[in-house]
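Chemist: Dropping in structure-v1.txt, which is compact mmCIF, C-alpha atoms:
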```txt
# COMPACT_ATOMS: atom_id res chain seq x y z
CA MET W 1 -46.53 -44.28 -15.13
CA LYS W 2 -43.94 -46.71 -13.75
CA ARG W 3 -41.70 -45.92 -16.67
CA GLY W 4 -42.02 -42.14 -16.17
CA LEU W 5 -41.40 -42.06 -12.41
CA PRO W 6 -37.60 -42.59 -12.71
CA LEU W 7 -37.43 -39.75 -15.21
CA VAL W 8 -39.12 -37.41 -12.76
CA LEU W 9 -36.78 -38.46 -9.95
CA VAL W 10 -33.70 -37.94 -12.13
CA ALA W 11 -34.90 -34.48 -13.13
CA LEU W 12 -35.38 -33.49 -9.47
CA LEU W 13 -31.93 -34.81 -8.52
CA LEU W 14 -30.32 -32.82 -11.34
CA MET W 15 -31.95 -29.62 -10.12
CA PHE W 16 -30.95 -29.84 -6.46
CA PRO W 17 -27.24 -30.77 -6.23
CA SER W 18 -26.23 -27.13 -5.60
CA VAL W 19 -28.13 -26.99 -2.32
CA GLY W 20 -25.67 -27.44 0.53
CA SER W 21 -22.66 -28.07 -1.72
CA ALA W 22 -19.44 -26.14 -2.08
CA ASN W 23 -19.40 -23.07 -4.26
CA PRO W 24 -16.18 -22.87 -6.28
CA ASN W 25 -17.54 -19.83 -8.10
CA GLY W 26 -18.24 -17.96 -4.87
CA VAL W 27 -21.38 -17.09 -2.95
CA GLY W 28 -21.19 -13.31 -3.23
CA SER W 29 -20.87 -10.76 -0.45
CA GLY W 30 -22.69 -11.51 2.77
CA ASP W 31 -22.59 -11.56 6.54
CA PHE W 32 -20.91 -14.85 7.45
CA ASP W 33 -19.17 -16.45 10.40
CA PHE W 34 -15.70 -17.86 9.79
CA GLN W 35 -17.12 -21.26 8.82
CA CYS W 36 -19.40 -19.42 6.39
CA GLY W 37 -22.42 -21.27 7.73
CA GLY W 38 -21.52 -24.15 5.41
CA ALA W 39 -22.15 -21.85 2.45
CA CYS W 40 -18.57 -21.40 1.22
CA HIS W 41 -16.56 -24.56 1.50
CA GLY W 42 -18.27 -26.67 4.11
CA ASP W 43 -16.69 -27.66 7.39
CA ALA W 44 -13.58 -25.60 8.20
CA ASN W 45 -12.00 -28.72 9.73
CA MET W 46 -11.61 -30.09 6.19
CA ASN W 47 -9.70 -27.03 4.97
CA ILE W 48 -6.01 -26.70 4.17
CA THR W 49 -3.89 -23.83 5.50
CA SER W 50 -3.38 -21.20 2.81
CA PRO W 51 0.17 -20.09 1.95
CA ALA W 52 -1.09 -16.51 1.66
CA ASN W 53 -0.07 -13.94 4.26
CA VAL W 54 -3.05 -12.19 5.89
CA THR W 55 -2.58 -9.06 8.05
CA ILE W 56 -4.97 -6.53 9.54
CA ALA W 57 -4.26 -2.86 10.26
CA GLY W 58 -6.11 0.16 11.59
CA ALA W 59 -6.16 2.80 14.29
CA ASP W 60 -5.25 1.63 17.78
CA ILE W 61 -7.66 4.08 19.41
CA ALA W 62 -11.23 4.93 18.45
CA TYR W 63 -14.05 6.86 20.07
CA GLU W 64 -17.29 5.20 21.07
CA GLY W 65 -19.88 5.37 18.29
CA MET W 66 -17.55 7.18 15.88
CA PHE W 67 -16.11 6.03 12.56
CA THR W 68 -12.78 4.30 12.07
CA SER W 69 -11.31 2.15 9.31
CA ILE W 70 -9.81 -1.34 9.25
CA THR W 71 -7.78 -2.67 6.31
CA VAL W 72 -7.03 -6.31 5.53
CA HIS W 73 -3.94 -6.97 3.42
CA VAL W 74 -3.46 -10.27 1.56
CA SER W 75 -0.10 -11.08 -0.02
CA ASP W 76 1.55 -14.14 -1.56
CA ALA W 77 -1.87 -15.40 -2.60
CA VAL W 78 -1.92 -18.55 -4.72
CA SER W 79 -3.46 -18.57 -8.17
CA THR W 80 -7.01 -19.92 -8.06
CA PRO W 81 -9.02 -21.33 -10.99
CA THR W 82 -11.55 -18.50 -10.76
CA GLY W 83 -9.28 -15.82 -9.31
CA LEU W 84 -11.64 -15.43 -6.35
CA LEU W 85 -10.54 -14.77 -2.77
CA GLY W 86 -13.07 -14.63 0.05
CA VAL W 87 -12.00 -12.14 2.73
CA PHE W 88 -13.59 -11.95 6.20
CA LEU W 89 -13.55 -9.28 8.89
CA LEU W 90 -14.26 -11.02 12.22
CA SER W 91 -14.47 -10.35 15.93
CA ASP W 92 -13.38 -13.89 16.82
CA LEU W 93 -12.09 -17.05 15.15
CA SER W 94 -14.42 -19.50 16.85
CA GLY W 95 -16.43 -20.08 13.68
CA VAL W 96 -19.76 -19.23 15.31
CA GLY W 97 -21.00 -15.82 16.44
CA ASP W 98 -17.83 -14.12 15.29
CA GLU W 99 -19.15 -11.42 12.97
CA PRO W 100 -18.08 -7.87 13.95
CA SER W 101 -21.67 -7.07 14.88
CA ASP W 102 -21.50 -9.78 17.55
CA ASP W 103 -18.99 -7.58 19.38
CA GLY W 104 -20.86 -4.31 18.81
CA TRP W 105 -19.17 -3.07 15.62
CA THR W 106 -21.31 -1.63 12.82
CA ILE W 107 -20.06 -1.93 9.25
CA VAL W 108 -20.78 1.27 7.34
CA THR W 109 -19.10 0.56 3.99
CA ASN W 110 -16.25 -1.44 2.53
CA SER W 111 -14.02 -0.95 -0.48
CA GLU W 112 -15.95 -3.55 -2.48
CA GLY W 113 -19.11 -1.44 -2.31
CA THR W 114 -21.09 -3.50 0.21
CA VAL W 115 -21.86 -3.32 3.93
CA THR W 116 -21.01 -6.94 4.74
CA ASN W 117 -18.17 -8.55 6.71
CA TYR W 118 -17.40 -11.03 3.89
CA VAL W 119 -16.42 -9.93 0.38
CA GLU W 120 -15.11 -11.77 -2.65
CA VAL W 121 -12.17 -10.19 -4.44
CA GLN W 122 -11.32 -10.98 -8.05
CA LEU W 123 -7.56 -11.11 -8.55
CA GLU W 124 -6.26 -10.05 -11.94
CA ASN W 125 -4.09 -12.45 -13.91
CA GLY W 126 -0.64 -12.62 -12.38
CA ALA W 127 -1.62 -10.69 -9.23
CA ASN W 128 -0.93 -12.23 -5.83
CA ALA W 129 -1.88 -9.39 -3.45
CA THR W 130 -4.97 -7.35 -2.62
CA SER W 131 -6.48 -5.21 0.17
CA VAL W 132 -9.98 -4.65 1.48
CA THR W 133 -10.90 -1.72 3.74
CA TRP W 134 -13.91 -1.57 6.03
CA THR W 135 -15.24 1.67 7.51
CA VAL W 136 -16.90 0.79 10.80
CA ARG W 137 -18.60 2.46 13.73
CA ALA W 138 -16.85 1.68 17.01
CA PRO W 139 -18.62 -0.30 19.77
CA GLY W 140 -18.79 0.52 23.47
CA VAL W 141 -15.87 1.62 25.64
CA GLY W 142 -13.20 -1.04 26.19
CA GLU W 143 -10.73 -3.16 24.28
CA HIS W 144 -12.04 -4.91 21.20
CA THR W 145 -10.07 -7.26 18.95
CA LEU W 146 -10.68 -7.76 15.24
CA TYR W 147 -9.35 -10.51 12.98
CA ALA W 148 -9.12 -11.16 9.26
CA ALA W 149 -9.56 -14.50 7.52
CA LEU W 150 -9.27 -15.82 3.99
CA HIS W 151 -10.96 -18.61 2.03
CA HIS W 152 -10.09 -19.69 -1.50
CA GLY W 153 -9.80 -22.72 -3.75
CA GLU W 154 -6.87 -24.18 -5.66
CA GLY W 155 -7.02 -26.09 -8.92
CA ASN W 156 -4.88 -29.06 -7.83
CA GLN W 157 -6.68 -29.69 -4.54
CA ASP W 158 -10.22 -30.78 -3.78
CA ALA W 159 -10.21 -29.24 -0.30
CA PRO W 160 -10.43 -25.44 0.14
CA PHE W 161 -7.73 -23.29 1.71
CA PHE W 162 -8.09 -20.92 4.63
CA GLY W 163 -5.86 -18.40 6.34
CA GLN W 164 -6.14 -15.98 9.23
CA SER W 165 -4.40 -12.97 10.71
CA GLN W 166 -3.20 -12.09 14.16
CA GLY W 167 -5.69 -10.06 16.18
CA HIS W 168 -5.73 -6.25 16.01
CA THR W 169 -6.86 -4.67 19.28
CA VAL W 170 -8.64 -1.32 19.25
CA THR W 171 -9.06 0.62 22.47
CA VAL W 172 -12.42 2.37 22.37
CA MET W 173 -12.59 5.49 24.53
CA PRO W 174 -15.43 7.83 25.56
CA VAL W 175 -16.00 10.76 23.21
CA PRO W 176 -14.22 13.88 24.55
CA GLU W 177 -16.36 16.90 25.37
CA ASN W 178 -16.84 19.39 22.50
CA LEU W 179 -15.27 17.01 19.97
CA PRO W 180 -16.45 17.90 16.41
CA GLN W 181 -18.14 14.80 15.02
CA PRO W 182 -20.89 13.51 12.75
CA ASP W 183 -24.11 12.94 14.63
CA PRO W 184 -24.39 9.28 15.78
CA THR W 185 -27.59 9.00 13.70
CA PHE W 186 -25.76 9.72 10.45
CA ALA W 187 -25.53 6.64 8.19
CA PRO W 188 -23.52 7.18 4.97
CA PRO W 189 -25.02 5.44 1.93
CA SER W 190 -22.97 2.79 0.12
CA GLN W 191 -24.92 2.56 -3.17
CA ARG W 192 -26.34 5.06 -5.66
CA ASN W 193 -27.79 5.18 -9.16
CA LEU W 194 -25.87 6.14 -12.25
CA GLY W 195 -26.20 9.55 -13.87
CA THR W 196 -27.38 11.66 -10.94
CA SER W 197 -25.42 13.63 -8.37
CA THR W 198 -25.72 12.57 -4.75
CA VAL W 199 -26.87 15.15 -2.18
CA LEU W 200 -26.25 14.12 1.42
CA THR W 201 -27.68 15.75 4.51
CA VAL W 202 -25.04 15.46 7.23
CA PRO W 203 -26.06 16.18 10.85
CA THR W 204 -23.14 17.01 13.15
CA LEU W 205 -22.30 17.83 16.76
CA ASN W 206 -20.00 20.65 17.96
CA VAL W 207 -19.08 21.62 14.39
CA MET W 208 -18.45 25.23 13.37
CA ASN W 209 -17.20 24.51 9.85
CA LEU W 210 -17.33 21.47 7.60
CA THR W 211 -15.53 20.64 4.36
CA ALA W 212 -15.67 17.49 2.25
CA GLU W 213 -13.49 15.90 -0.38
CA TRP W 214 -13.83 12.98 -2.73
CA ARG W 215 -11.57 10.88 -4.92
CA ASP W 216 -12.13 8.54 -7.82
CA GLU W 217 -10.43 5.26 -8.64
CA THR W 218 -7.35 7.11 -9.95
CA GLY W 219 -6.73 8.52 -6.46
CA ARG W 220 -7.13 12.15 -7.52
CA THR W 221 -8.72 14.18 -4.69
CA SER W 222 -11.23 17.00 -5.30
CA SER W 223 -13.33 19.23 -3.05
CA ALA W 224 -17.05 18.53 -2.74
CA GLU W 225 -19.70 21.22 -2.59
CA VAL W 226 -20.84 21.91 0.99
CA GLN W 227 -23.72 24.16 2.05
CA PRO W 228 -24.90 24.88 5.63
CA LEU W 229 -28.57 24.03 6.11
CA ALA W 230 -29.06 24.83 9.78
CA GLN W 231 -27.06 24.78 12.96
CA ASN W 232 -25.08 21.53 12.96
CA GLU W 233 -26.62 20.40 9.66
CA TRP W 234 -24.90 20.47 6.28
CA SER W 235 -25.53 19.54 2.67
CA VAL W 236 -22.75 17.68 0.80
CA THR W 237 -23.02 17.18 -2.98
CA LEU W 238 -21.02 14.47 -4.76
CA PRO W 239 -20.82 14.55 -8.58
CA ALA W 240 -22.64 12.00 -10.70
CA SER W 241 -21.02 8.88 -12.14
CA LEU W 242 -21.70 8.03 -15.77
CA ALA W 243 -20.28 4.50 -15.55
CA PRO W 244 -20.26 1.86 -12.81
CA ASN W 245 -17.47 2.72 -10.36
CA THR W 246 -16.69 3.48 -6.73
CA VAL W 247 -15.82 6.90 -5.37
CA GLU W 248 -14.58 7.64 -1.86
CA TRP W 249 -15.39 10.70 0.19
CA ARG W 250 -14.73 12.04 3.68
CA LEU W 251 -15.49 14.95 5.99
CA VAL W 252 -13.21 17.40 7.76
CA LEU W 253 -14.91 18.81 10.86
CA THR W 254 -13.80 21.94 12.71
CA GLY W 255 -14.99 23.19 16.09
CA GLU W 256 -13.84 24.14 19.56
CA GLY W 257 -12.33 20.70 20.13
CA PRO W 258 -9.58 19.08 18.04
CA ASN W 259 -10.32 18.94 14.31
CA GLN W 260 -11.53 15.57 13.10
CA THR W 261 -11.27 13.87 9.73
CA THR W 262 -13.50 10.90 9.06
CA PRO W 263 -12.29 7.76 7.32
CA TRP W 264 -13.01 7.43 3.61
CA PHE W 265 -16.55 6.30 2.86
CA GLN W 266 -17.14 4.22 -0.27
CA LEU W 267 -20.03 5.02 -2.61
CA THR W 268 -20.65 2.59 -5.47
CA SER W 269 -22.49 3.51 -8.66
CA GLN W 270 -23.82 0.59 -10.67
CA GLU W 271 -26.75 -0.72 -12.61
CA PRO W 272 -29.45 -2.19 -10.36
CA PRO W 273 -28.95 -5.98 -10.06
CA LEU W 274 -31.56 -8.45 -11.17
CA ASP W 275 -33.78 -9.48 -8.29
CA LEU W 276 -33.77 -13.28 -8.54
CA ASN W 277 -35.50 -15.55 -6.07
CA GLU W 278 -33.65 -18.86 -5.77
CA TRP W 279 -36.73 -20.87 -4.84
CA GLN W 280 -38.73 -19.46 -7.75
CA ILE W 281 -35.98 -20.72 -10.05
CA TYR W 282 -36.16 -24.18 -8.42
CA LEU W 283 -39.95 -24.26 -8.82
CA GLN W 284 -39.71 -23.25 -12.47
CA ALA W 285 -37.05 -25.91 -13.04
CA THR W 286 -39.30 -28.49 -11.35
CA ALA W 287 -42.21 -27.52 -13.59
CA LEU W 288 -39.99 -27.78 -16.67
CA GLY W 289 -38.75 -31.21 -15.53
CA LEU W 290 -42.32 -32.47 -15.05
CA PHE W 291 -43.27 -31.14 -18.47
CA CYS W 292 -40.33 -32.92 -20.10
CA ALA W 293 -41.16 -36.16 -18.26
CA ALA W 294 -44.79 -35.97 -19.40
CA PHE W 295 -43.68 -35.32 -22.97
CA VAL W 296 -41.38 -38.37 -22.95
CA ILE W 297 -44.10 -40.60 -21.48
CA THR W 298 -46.63 -39.39 -24.05
CA ALA W 299 -44.21 -39.92 -26.92
CA GLN W 300 -43.63 -43.55 -25.87
CA ARG W 301 -47.32 -44.49 -26.05
CA ARG W 302 -48.15 -46.48 -29.25
CA PRO W 303 -51.25 -45.49 -31.22
CA PRO W 304 -54.00 -48.17 -31.31
CA ALA W 305 -53.73 -50.59 -34.20
CA GLU W 306 -56.12 -49.96 -37.07
CA VAL W 307 -58.88 -52.56 -37.60
CA GLU W 308 -59.11 -53.39 -41.24
CA ASP W 309 -62.53 -53.36 -42.84
CA PRO W 310 -63.27 -56.95 -44.04
CA LEU W 311 -65.38 -55.55 -46.88
CA LYS W 312 -62.67 -53.27 -48.16
CA GLU W 313 -61.21 -55.78 -50.64
CA LEU W 314 -64.58 -56.84 -52.17
CA ASP W 315 -65.58 -55.55 -55.59
CA ASP W 316 -68.80 -53.71 -56.30
CA GLU W 317 -70.59 -56.78 -57.84
CA THR W 318 -69.93 -58.89 -54.79
CA LEU W 319 -71.14 -56.14 -52.48
CA GLU W 320 -74.40 -55.88 -54.47
CA ASP W 321 -74.95 -59.65 -54.13
CA LEU W 322 -74.46 -59.39 -50.39
CA GLU W 323 -76.91 -56.56 -50.13
CA VAL W 324 -79.53 -58.59 -51.97
CA LYS W 325 -79.03 -61.61 -49.68
CA PHE W 326 -79.24 -59.62 -46.47
```
Now that the file is in, can you turn its structure into structure tokens?

Modeler:
Amino acid sequence: MKRGLPLVLVALLLMFPSVGSANPNGVGSGDFDFQCGGACHGDANMNITSPANVTIAGADIAYEGMFTSITVHVSDAVSTPTGLLGVFLLSDLSGVGDEPSDDGWTIVTNSEGTVTNYVEVQLENGANATSVTWTVRAPGVGEHTLYAALHHGEGNQDAPFFGQSQGHTVTVMPVPENLPQPDPTFAPPSQRNLGTSTVLTVPTLNVMNLTAEWRDETGRTSSAEVQPLAQNEWSVTLPASLAPNTVEWRLVLTGEGPNQTTPWFQLTSQEPPLDLNEWQIYLQATALGLFCAAFVITAQRRPPAEVEDPLKELDDETLEDLEVKF
């Protein structure tokens, strides 16, 4: 047992180094503060300033509770070993409590097909620029500032790089009377299954006529089928996707007030991801390590030595004499 205990300890140590360490291959999309909660590259105080240029752009005015879009542009990005860039949309740069939701923003979709404030972009070979767009629902009336930030690695440095933009201030105003708009309860989906068309029920306010259009990754724009269902309720049908991709769509709303066009909403079609539980994997790895340790310990045990029969070498005549004597 003393000999097997070190083997068990080594197996456990081999299984747990990823917990709390840096992730050069990314952590995937998620809702993260600027410091990434320690999940991306550890303490931001250990980072190096990125040479990339990060800017943020969007409308200067938005209406309370209505949709608007924010785009983060990254240029002059350095080449990374994995080609990954982690891009943040933030309401502050304090590192804690600086997600957009902390200032009342609601992320509806983003151009990477998720609803998170942090996305990882894969740069193609030779590319040094990219953009990520978020469609968001505006917070309460007032001035609200948004920021963009960037995290990435670099093959010649052990420490990660970070960059940040100047703030972009959006003045949020009360919704004008009779303004055509989607109902505040409407939540556009961001994901769908392959092979089936998507039928959306869109509730609206102050809308007399509604049209919709969509575009694929080539940028070609087409009209979507729209049917009225009831007063201020419409059905919008988007065509099916036969391969994993992202389509964008938007609404044009007409009424007594000024016509309104929503930002582009992203709708991603993809195969359902595998549902993996990290701790189940750790438990299975632990069980496998214990099994291997037990196997090694068992293999090291020597079989008991055979006891030779003292009568084995005697001939039959001698054995008969012994039987007669005893």

Chemist: Work out how far atom CA of W:Ala212 is from atom CA of W:Trp249, in Å to one decimal.

Modeler: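 Rounded to one decimal, the two atoms are 7.1 Å apart.
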
Chemist: Considering only C-alpha atoms, state which residue in the set W:Pro203, W:Gly30, W:Gly113, W:Gly140 is at the smallest distance from W:Val170.

Modeler: W:Gly140

Chemist: Could you pull the residues within 12 Å of W:Ala187, counting only C-alpha atoms, minus those fewer than 4 positions along the same chain, as a list in words?

Modeler: Gly65, Met66, Phe67, Thr106, Ile107, Val108, Thr109, Val115, Thr135, Val136, Arg137, Pro182, Asp183, Leu200, Thr201, Val202, Pro203, Thr204 and Phe265 of chain W

Chemist: What separation in Å, quoted to one decimal, exists between atom CA of W:Ser111 and atom CA of W:Asp31?

Modeler: 15.3 Å

Chemist: I want to know what sits within 12 Å of W:Ile56, based on only C-alpha atoms, with residues of the same chain fewer than 6 positions away left out; could you give that as a PyMOL selection string?

Modeler: chain W and resi 69-75+87-90+131-134+145-150+164-170

Chemist: Record the distance separating atom CA of W:Ala243 and atom CA of W:Leu210, expressed in Å with one decimal.

Modeler: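 Atom-to-atom, atom CA of W:Ala243 to atom CA of W:Leu210, that is 28.9 Å.
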
Chemist: Would you please work out which residue, of W:Asn245, W:Gln270, W:Asn232, W:Asn125, is nearest to W:Leu84 when using only C-alpha atoms?

Modeler: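 The closest residue to W:Leu84 is W:Asn125.
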
Chemist: Do you know which residues are at most 12 Å from W:Leu194 counting only C-alpha atoms, after dropping those on the same chain fewer than 4 positions away, and could you put them as a compact mmCIF listing (two decimals) with C-alpha atoms, in the coordinates of the input?

Modeler:
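Listing of part-v4.txt after writing:
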```txt
# COMPACT_ATOMS: atom_id res chain seq x y z
CA THR W 198 -25.72 12.57 -4.75
CA PRO W 239 -20.82 14.55 -8.58
CA ALA W 240 -22.64 12.00 -10.70
CA SER W 241 -21.02 8.88 -12.14
CA LEU W 242 -21.70 8.03 -15.77
CA ALA W 243 -20.28 4.50 -15.55
CA PRO W 244 -20.26 1.86 -12.81
CA ASN W 245 -17.47 2.72 -10.36
CA THR W 246 -16.69 3.48 -6.73
CA LEU W 267 -20.03 5.02 -2.61
CA THR W 268 -20.65 2.59 -5.47
CA SER W 269 -22.49 3.51 -8.66
CA GLN W 270 -23.82 0.59 -10.67
CA GLU W 271 -26.75 -0.72 -12.61
CA PRO W 272 -29.45 -2.19 -10.36
```

Chemist: Which residues are close to W:Glu213, i.e. within 6 Å by all atoms listed in the file, leaving aside same-chain residues fewer than 3 positions away? Reply as a tab-separated table (two decimals) with C-alpha atoms, in the frame of the given file.

Modeler:
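New file part-v3.tsv:
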```tsv
chain	number	residue	atom	x	y	z
W	222	SER	CA	-11.23	17.00	-5.30
W	223	SER	CA	-13.33	19.23	-3.05
W	224	ALA	CA	-17.05	18.53	-2.74
W	249	TRP	CA	-15.39	10.70	0.19
W	250	ARG	CA	-14.73	12.04	3.68
```

Chemist: Using only C-alpha atoms, can you tell me which of W:Trp214, W:Thr114, W:His152, W:Val121 comes closest to W:Ser50?

Modeler: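 So, comparing all the options, the nearest one is W:His152.
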
Chemist: Which residue out of W:Gly163, W:Pro139, W:Gly86, W:Gly126 has the minimum interatomic distance to W:Tyr63 when all atoms listed in the file are used?

Modeler: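 Comparing W:Gly163, W:Pro139, W:Gly86, W:Gly126 against W:Tyr63, the winner is W:Pro139.
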
Chemist: Measuring between only C-alpha atoms, which one of W:Gln284, W:Gln181, W:Asn128, W:Asn110 shows the shortest distance to W:Thr262?

Modeler: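 Going through W:Gln284, W:Gln181, W:Asn128, W:Asn110 one by one, the smallest distance to W:Thr262 is for W:Gln181.
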